[in-house]
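Visitor: Structure supplied as query-v3.txt; contents: compact mmCIF, C-alpha atoms and all ligand atoms.
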```txt
# COMPACT_ATOMS: atom_id res chain seq x y z
CA MET H 762 98.40 90.50 82.35
CA LYS H 763 101.11 91.52 84.84
CA PRO H 764 104.20 89.33 85.20
CA THR H 765 104.15 87.16 88.36
CA LEU H 766 106.66 88.26 91.00
CA VAL H 767 107.06 85.63 93.74
CA ILE H 768 108.74 86.64 97.00
CA SER H 769 110.13 84.24 99.62
CA SER H 770 110.71 86.19 102.84
CA GLY H 771 112.35 85.25 106.11
CA ALA H 772 112.94 86.88 109.48
CA GLY H 773 115.32 89.43 107.94
CA ILE H 774 112.48 91.35 106.31
CA SER H 775 111.00 92.03 109.76
CA ALA H 776 114.36 92.92 111.36
CA GLU H 777 113.90 96.63 110.52
CA SER H 778 110.57 96.48 112.33
CA GLY H 779 112.48 95.61 115.49
CA ILE H 780 111.58 91.91 115.47
CA SER H 781 114.62 89.76 116.22
CA THR H 782 115.69 87.14 113.72
CA PHE H 783 116.56 83.61 114.83
CA ARG H 784 120.21 83.11 113.95
CA ASP H 785 121.78 86.57 113.96
CA ALA H 786 123.81 87.57 117.01
CA GLY H 787 121.37 88.00 119.89
CA GLY H 788 118.70 86.18 117.90
CA LEU H 789 115.83 84.20 119.34
CA TRP H 790 117.61 80.87 119.22
CA GLU H 791 120.48 82.33 121.25
CA ASN H 792 118.04 83.15 124.06
CA TYR H 793 115.67 80.19 123.91
CA PRO H 794 116.41 76.44 123.45
CA VAL H 795 114.65 76.00 120.09
CA MET H 796 113.71 72.36 120.74
CA ASP H 797 112.03 73.33 124.04
CA VAL H 798 109.89 76.17 122.66
CA ALA H 799 109.40 75.43 118.95
CA SER H 800 109.32 71.66 118.44
CA ALA H 801 106.59 69.02 118.65
CA THR H 802 108.60 67.20 121.34
CA GLY H 803 108.94 70.40 123.37
CA PHE H 804 105.22 71.06 123.09
CA ARG H 805 104.39 67.55 124.28
CA LYS H 806 106.80 67.83 127.23
CA ALA H 807 106.02 71.38 128.41
CA PRO H 808 103.05 72.94 126.60
CA GLY H 809 102.87 75.79 129.13
CA LEU H 810 106.41 76.89 128.27
CA VAL H 811 105.59 76.86 124.56
CA HIS H 812 102.38 78.89 125.09
CA ARG H 813 104.38 81.42 127.15
CA PHE H 814 107.06 81.71 124.43
CA TYR H 815 104.46 82.54 121.78
CA ASN H 816 102.60 84.88 124.19
CA GLU H 817 105.85 86.84 124.49
CA ARG H 818 106.36 86.95 120.72
CA ARG H 819 102.76 88.14 120.23
CA LYS H 820 103.34 90.95 122.74
CA ALA H 821 106.49 92.01 120.87
CA LEU H 822 104.55 91.98 117.60
CA LEU H 823 101.98 94.45 118.99
CA ASP H 824 104.71 97.12 119.23
CA ALA H 825 106.08 96.38 115.75
CA ARG H 826 105.02 98.14 112.55
CA PRO H 827 105.57 97.10 108.92
CA ASN H 828 108.78 98.67 107.56
CA ALA H 829 109.79 100.09 104.17
CA ALA H 830 110.63 96.59 102.91
CA HIS H 831 107.10 95.30 103.52
CA ARG H 832 105.75 98.47 101.89
CA ALA H 833 108.05 98.07 98.86
CA LEU H 834 106.40 94.71 98.14
CA VAL H 835 102.98 96.36 98.24
CA ASP H 836 104.22 99.11 95.89
CA LEU H 837 105.43 96.47 93.41
CA GLU H 838 101.82 95.30 93.06
CA LYS H 839 101.42 98.27 90.68
CA ASP H 840 103.66 96.50 88.15
CA PHE H 841 103.43 92.82 89.06
CA ASP H 842 101.10 90.12 90.30
CA VAL H 843 102.97 89.85 93.62
CA ARG H 844 102.68 86.60 95.60
CA VAL H 845 104.40 86.54 99.01
CA ILE H 846 105.53 83.25 100.52
CA THR H 847 106.83 83.84 104.04
CA GLN H 848 108.54 81.75 106.71
CA ASN H 849 107.57 84.50 109.16
CA VAL H 850 104.70 84.06 111.58
CA ASP H 851 104.23 87.81 112.07
CA ASP H 852 101.41 89.62 110.25
CA LEU H 853 103.51 92.53 108.98
CA HIS H 854 103.09 91.65 105.29
CA GLU H 855 99.30 91.72 105.78
CA ARG H 856 99.41 94.91 107.85
CA ALA H 857 101.53 96.59 105.14
CA GLY H 858 98.78 95.73 102.65
CA SER H 859 100.17 92.77 100.67
CA SER H 860 97.16 91.15 99.03
CA ASP H 861 98.49 87.60 98.70
CA VAL H 862 100.49 86.08 101.59
CA LEU H 863 101.17 82.37 102.13
CA HIS H 864 102.58 81.43 105.55
CA LEU H 865 104.77 78.32 105.58
CA HIS H 866 105.44 78.20 109.32
CA GLY H 867 102.09 79.36 110.70
CA GLU H 868 100.69 82.61 112.07
CA LEU H 869 101.39 84.09 115.51
CA MET H 870 97.99 85.84 115.78
CA LYS H 871 96.09 82.59 115.27
CA ILE H 872 95.46 79.46 117.36
CA ARG H 873 94.25 76.06 116.20
CA SER H 874 92.55 73.01 117.65
CA VAL H 875 94.92 70.41 119.12
CA SER H 876 92.64 67.61 117.94
CA ASN H 877 91.55 69.09 114.59
CA PRO H 878 94.37 71.05 112.81
CA GLY H 879 91.88 72.42 110.29
CA TYR H 880 90.04 74.40 112.97
CA VAL H 881 91.77 77.80 113.29
CA GLU H 882 90.72 80.94 115.19
CA SER H 883 92.19 84.46 115.08
CA LEU H 884 93.10 85.84 118.47
CA ASP H 885 91.47 89.13 119.31
CA ILE H 886 93.78 91.96 120.23
CA ASP H 887 92.78 92.05 123.92
CA HIS H 888 93.01 88.29 124.47
CA LEU H 889 96.43 87.41 123.11
CA GLU H 890 97.63 85.24 125.98
CA THR H 891 97.01 81.48 125.67
CA THR H 892 97.65 78.53 128.00
CA PRO H 893 97.32 74.77 127.53
CA ALA H 894 93.78 75.14 128.97
CA THR H 895 92.69 77.64 126.30
CA ARG H 896 89.60 76.43 124.45
CA GLY H 897 88.21 77.55 121.08
CA LYS H 898 84.64 78.63 120.48
CA ASN H 899 83.90 75.00 119.55
CA GLY H 900 85.19 73.74 122.90
CA ASP H 901 88.40 72.19 121.53
CA LEU H 902 91.69 72.64 123.40
CA MET H 903 93.77 75.07 121.33
CA ARG H 904 97.51 75.53 120.53
CA PRO H 905 99.61 78.15 118.76
CA HIS H 906 98.94 78.03 114.99
CA ILE H 907 102.66 77.49 114.39
CA VAL H 908 104.44 74.75 112.43
CA PHE H 909 106.82 73.37 115.06
CA PHE H 910 110.08 71.66 114.13
CA GLU H 911 109.36 67.92 113.61
CA GLU H 912 105.98 68.80 112.06
CA PRO H 913 105.05 68.79 108.37
CA VAL H 914 104.72 72.08 106.42
CA PRO H 915 101.19 71.82 104.95
CA ASN H 916 101.54 74.87 102.64
CA ILE H 917 104.78 73.78 100.95
CA GLU H 918 103.02 72.25 97.93
CA ALA H 919 101.11 75.49 97.31
CA ALA H 920 104.38 77.43 97.68
CA VAL H 921 106.15 75.21 95.13
CA GLU H 922 103.28 75.77 92.68
CA LEU H 923 103.69 79.53 93.08
CA VAL H 924 107.46 79.36 92.47
CA ARG H 925 106.89 77.25 89.35
CA LYS H 926 104.66 80.05 88.01
CA ALA H 927 107.08 82.88 88.86
CA ASP H 928 108.37 85.15 86.11
CA ILE H 929 110.75 86.66 88.70
CA PHE H 930 111.69 85.07 92.07
CA VAL H 931 113.04 87.12 95.00
CA VAL H 932 114.41 85.72 98.28
CA VAL H 933 114.61 88.28 101.10
CA GLY H 934 116.12 88.02 104.58
CA THR H 935 116.55 84.31 105.15
CA SER H 936 119.59 82.23 106.06
CA LEU H 937 118.29 79.42 103.84
CA VAL H 938 119.01 76.75 106.48
CA VAL H 939 115.48 75.49 107.18
CA TYR H 940 113.91 73.10 104.69
CA PRO H 941 111.61 72.72 102.85
CA ALA H 942 111.38 76.56 102.63
CA ALA H 943 115.07 76.86 101.74
CA GLY H 944 114.57 74.52 98.79
CA LEU H 945 112.02 76.68 96.95
CA LEU H 946 114.82 78.16 94.82
CA GLN H 947 115.15 74.93 92.86
CA PHE H 948 111.60 75.12 91.47
CA VAL H 949 111.97 78.25 89.32
CA ARG H 950 111.63 77.61 85.60
CA PRO H 951 114.89 77.81 83.57
CA GLY H 952 115.69 81.40 82.63
CA VAL H 953 113.60 82.96 85.40
CA PRO H 954 115.71 85.65 87.13
CA VAL H 955 116.33 85.03 90.86
CA TYR H 956 117.37 87.81 93.26
CA TYR H 957 118.58 87.30 96.86
CA ILE H 958 118.48 90.31 99.20
CA ASP H 959 120.36 89.79 102.46
CA PRO H 960 123.22 91.74 104.13
CA HIS H 961 124.99 88.44 104.94
CA PRO H 962 123.84 86.16 102.11
CA ALA H 963 124.12 82.38 102.43
CA ALA H 964 125.79 80.40 99.65
CA VAL H 965 123.55 80.27 96.55
CA PRO H 966 124.03 79.15 92.93
CA GLN H 967 126.13 81.39 90.68
CA SER H 968 123.08 82.35 88.63
CA VAL H 969 121.39 84.12 91.58
CA HIS H 970 121.67 87.93 91.57
CA ILE H 971 122.78 88.84 95.12
CA ILE H 972 121.93 92.26 96.56
CA ALA H 973 123.92 92.20 99.81
CA LYS H 974 121.88 94.91 101.54
CA LYS H 975 119.22 95.25 104.22
CA ALA H 976 115.71 94.45 103.02
CA SER H 977 114.50 98.05 102.75
CA GLU H 978 117.55 99.20 100.74
CA GLY H 979 117.74 96.00 98.70
CA LEU H 980 114.07 96.13 97.72
CA ALA H 981 114.37 99.81 96.77
CA GLU H 982 117.29 98.86 94.51
CA LEU H 983 115.42 95.88 93.07
CA THR H 984 112.37 98.06 92.37
CA ARG H 985 114.59 100.42 90.36
CA ILE H 986 116.11 97.48 88.46
CA LEU H 987 112.74 95.92 87.65
CA ARG H 988 111.10 99.19 86.62
CA ALA H 989 114.04 100.14 84.40
CA ALA H 990 113.83 96.71 82.75
CA GLY H 991 110.07 97.18 82.38
CA GLN H 992 110.69 100.47 80.50
CA ARG H 993 113.10 98.77 78.10
CA SER H 994 110.87 95.79 77.29
N1 LIG H 1001 117.38 92.88 106.04
C1 LIG H 1001 117.47 91.71 105.35
N2 LIG H 1001 117.97 90.57 105.87
C2 LIG H 1001 118.43 90.64 107.14
C3 LIG H 1001 118.39 91.81 107.92
C4 LIG H 1001 117.83 92.97 107.32
N3 LIG H 1001 117.75 94.13 107.98
N4 LIG H 1001 118.93 91.53 109.14
C5 LIG H 1001 119.29 90.21 109.12
N5 LIG H 1001 119.01 89.69 107.91
C6 LIG H 1001 119.20 88.32 107.43
C7 LIG H 1001 120.35 87.56 108.06
O1 LIG H 1001 121.55 87.86 107.36
C8 LIG H 1001 119.90 86.11 107.84
O2 LIG H 1001 120.33 85.63 106.57
O3 LIG H 1001 118.04 87.59 107.76
C9 LIG H 1001 118.38 86.20 107.85
C10 LIG H 1001 117.78 85.67 109.14
O4 LIG H 1001 118.03 84.28 109.18
P1 LIG H 1001 117.30 83.43 110.30
O5 LIG H 1001 117.42 84.14 111.61
O6 LIG H 1001 117.83 82.03 110.17
O7 LIG H 1001 115.77 83.49 109.89
P2 LIG H 1001 115.02 82.60 108.82
O8 LIG H 1001 115.92 82.26 107.67
O9 LIG H 1001 113.75 83.29 108.51
O10 LIG H 1001 114.70 81.26 109.67
C11 LIG H 1001 113.94 80.28 109.02
O11 LIG H 1001 113.89 79.00 111.06
O12 LIG H 1001 113.62 78.78 113.31
C12 LIG H 1001 112.98 78.68 112.11
O13 LIG H 1001 110.69 78.81 111.82
C13 LIG H 1001 111.82 79.61 112.02
O14 LIG H 1001 110.93 80.62 110.03
C14 LIG H 1001 112.12 80.43 110.77
C15 LIG H 1001 113.10 79.56 110.03
```
Write the structure described by the file as C-alpha cells, please.
Ligand code: APR

Guide:
Amino acid sequence: MKPTLVISSGAGISAESGISTFRDAGGLWENYPVMDVASATGFRKAPGLVHRFYNERRKALLDARPNAAHRALVDLEKDFDVRVITQNVDDLHERAGSSDVLHLHGELMKIRSVSNPGYVESLDIDHLETTPATRGKNGDLMRPHIVFFEEPVPNIEAAVELVRKADIFVVVGTSLVVYPAAGLLQFVRPGVPVYYIDPHPAAVPQSVHIIAKKASEGLAELTRILRAAGQRS
C-alpha cells in the first residue's frame, strides 16, 4: 500500500508552461476586470464578454504543454498514491498523465448546461469557441464549465476528504488568497508533513516546510527529499 501524497496546485504550476497566473505582475487580473469576466454577476450582465474571455484562454491553452513540474507529479506515482487537487482550469495535469485530478474551479475544455449544472460536455478541439447561443447535444443553452466568483465550489467536500487522508500534503504555486481552496491546509491530520513550493510564498504556519523555488525545481527537490526519506524508513 503506497502512502497517499495529496497535491494542491495553483496557477504557479502552469507558469512554466507559459500560462499566465492571476496575481503576478502582468497576470490575468491585471489585464481583465475579474468581476466582469469571472463572476456570476458579470456572466449575468454580459455573457458574451465572459464567453470571449474563456475562448481566449482556451486558445492560449492549445499552445501550452505540460512542464517538468506536471511531469514530476506523474513520476511520483511510482512511490505514492498521488491525488491532485487543482484550482487550475487547464488540462495540463491530465495531459502530463496524472491519473487522479480533482478540479475545484472547473475545466476550461468543458461546457455545461445553464439550466442543469450536472450536464457537462467536453469541447472538441476544432470547436473551442462558445457564445451565449451555444447549445449542447441535448439542446440546453451552455456556459463555460468554470466556477465563477460568487458561486459555490461543488468539489470542495471531496477535496477536504482527500486532504484528511493525506500522509504527505504539498501545496504548489498558489497565493493562498482564494477560499475555500486556500483553507485545505487546515484539514491535514496532526503530524502529517506539509510542503509549500512557491518562489514568493504567502504566509503559512511555522510547521510548513517552504521550498521557495519555481514548481519544476521545487518538485525535483521534494522528490529527492521524499525518496531519501523512503530509503531510510
Ligand atoms: N512556480 C511555482 N509558483 C509560481 C511560479 C512558478 N514558476 N510563478 C509564480 N508562482 C506563484 C506565485 O508566487 C503565486 O503565489 O504562483 C502563485 C500564483 O498565484 P495566483 O496568481 O493568485 O494564482 P492562484 O493562487 O492559483 O489563484 C487562485 O484565484 O482568480 C482565481 O480561480 C482563480 O484558481 C484561481 C484562484

Visitor: Can you tell me which residues surround Gly900 (chain H) at a distance of at most 12 Å, considering only C-alpha atoms, apart from same-chain residues fewer than 5 positions away, and format the answer as a PyMOL selection string?

Guide: chain H and resi 873-877+880+882+894-895

Visitor: Kindly provide, as a PDB file with C-alpha atoms, keeping the file's coordinate frame, all nucleotide and amino acid residues lying within 7 Å of ligand LIG 1001 (chain H), counting only C-alpha atoms and all ligand atoms.

Guide:
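Final output, pocket-v7.pdb:
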```pdb
ATOM      1  CA  GLY H 771     112.350  85.250 106.110  1.00  0.00           C
ATOM      2  CA  ALA H 772     112.940  86.880 109.480  1.00  0.00           C
ATOM      3  CA  GLY H 773     115.320  89.430 107.940  1.00  0.00           C
ATOM      4  CA  ILE H 774     112.480  91.350 106.310  1.00  0.00           C
ATOM      5  CA  ALA H 776     114.360  92.920 111.360  1.00  0.00           C
ATOM      6  CA  GLU H 777     113.900  96.630 110.520  1.00  0.00           C
ATOM      7  CA  THR H 782     115.690  87.140 113.720  1.00  0.00           C
ATOM      8  CA  PHE H 783     116.560  83.610 114.830  1.00  0.00           C
ATOM      9  CA  ARG H 784     120.210  83.110 113.950  1.00  0.00           C
ATOM     10  CA  ASP H 785     121.780  86.570 113.960  1.00  0.00           C
ATOM     11  CA  GLY H 788     118.700  86.180 117.900  1.00  0.00           C
ATOM     12  CA  GLN H 848     108.540  81.750 106.710  1.00  0.00           C
ATOM     13  CA  ASN H 849     107.570  84.500 109.160  1.00  0.00           C
ATOM     14  CA  HIS H 866     105.440  78.200 109.320  1.00  0.00           C
ATOM     15  CA  VAL H 933     114.610  88.280 101.100  1.00  0.00           C
ATOM     16  CA  GLY H 934     116.120  88.020 104.580  1.00  0.00           C
ATOM     17  CA  THR H 935     116.550  84.310 105.150  1.00  0.00           C
ATOM     18  CA  SER H 936     119.590  82.230 106.060  1.00  0.00           C
ATOM     19  CA  LEU H 937     118.290  79.420 103.840  1.00  0.00           C
ATOM     20  CA  VAL H 938     119.010  76.750 106.480  1.00  0.00           C
ATOM     21  CA  VAL H 939     115.480  75.490 107.180  1.00  0.00           C
ATOM     22  CA  ILE H 958     118.480  90.310  99.200  1.00  0.00           C
ATOM     23  CA  ASP H 959     120.360  89.790 102.460  1.00  0.00           C
ATOM     24  CA  PRO H 960     123.220  91.740 104.130  1.00  0.00           C
ATOM     25  CA  HIS H 961     124.990  88.440 104.940  1.00  0.00           C
ATOM     26  CA  PRO H 962     123.840  86.160 102.110  1.00  0.00           C
ATOM     27  CA  ALA H 963     124.120  82.380 102.430  1.00  0.00           C
ATOM     28  CA  LYS H 974     121.880  94.910 101.540  1.00  0.00           C
ATOM     29  CA  LYS H 975     119.220  95.250 104.220  1.00  0.00           C
ATOM     30  CA  ALA H 976     115.710  94.450 103.020  1.00  0.00           C
ATOM     31  CA  SER H 977     114.500  98.050 102.750  1.00  0.00           C
TER      32      SER H 977
END
```

Visitor: Which one of H:Lys820, H:His906, H:Lys839, H:His970 sits closest to Tyr956 (chain H) if you count only C-alpha atoms?

Guide: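 Going through H:Lys820, H:His906, H:Lys839, H:His970 one by one, the smallest distance to Tyr956 (chain H) is for H:His970.
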
Visitor: Kindly indicate which residue among H:Ser968, H:Ser769, H:Gln947, H:Ser775 lies nearest to Arg844 (chain H), using only C-alpha atoms for the distances.

Guide: H:Ser769

Visitor: Env of Gly809 (chain H): 9 Å cut, atoms = all atoms listed in the file, seq-sep filter 4 positions within chain, self excluded. Answer as an mmCIF file with C-alpha atoms, keeping the file's coordinate frame.

Guide:
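Just written: selection_25.cif:
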```cif
data_model
loop_
_atom_site.group_PDB
_atom_site.id
_atom_site.type_symbol
_atom_site.label_atom_id
_atom_site.label_comp_id
_atom_site.auth_asym_id
_atom_site.auth_seq_id
_atom_site.Cartn_x
_atom_site.Cartn_y
_atom_site.Cartn_z
ATOM 1 C CA PHE H 804 105.220 71.060 123.090
ATOM 2 C CA ARG H 813 104.380 81.420 127.150
ATOM 3 C CA PHE H 814 107.060 81.710 124.430
ATOM 4 C CA THR H 891 97.010 81.480 125.670
ATOM 5 C CA THR H 892 97.650 78.530 128.000
ATOM 6 C CA PRO H 893 97.320 74.770 127.530
#
```

Visitor: Need to verify the contact set: Val767 (chain H), 8 Å, all atoms listed in the file, exclusion of same-chain residues closer than 2 positions in sequence. Can you return it as JSON, numbers by chain?

Guide: {"H": [765, 769, 843, 844, 845, 846, 923, 924, 927, 928, 929, 930, 931]}

Visitor: Keeping only C-alpha atoms, write the selected residues as a compact mmCIF listing (two decimals), keeping the file's coordinate frame.

Guide:
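This went into result-v1.txt:
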```txt
# COMPACT_ATOMS: atom_id res chain seq x y z
CA THR H 765 104.15 87.16 88.36
CA SER H 769 110.13 84.24 99.62
CA VAL H 843 102.97 89.85 93.62
CA ARG H 844 102.68 86.60 95.60
CA VAL H 845 104.40 86.54 99.01
CA ILE H 846 105.53 83.25 100.52
CA LEU H 923 103.69 79.53 93.08
CA VAL H 924 107.46 79.36 92.47
CA ALA H 927 107.08 82.88 88.86
CA ASP H 928 108.37 85.15 86.11
CA ILE H 929 110.75 86.66 88.70
CA PHE H 930 111.69 85.07 92.07
CA VAL H 931 113.04 87.12 95.00
```

Visitor: I'd like to know which of H:Arg985, H:Arg993, H:Arg904, H:Arg950 is closest to Leu810 (chain H), using all atoms listed in the file.

Guide: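 Result for the nearest residue to Leu810 (chain H): H:Arg904.
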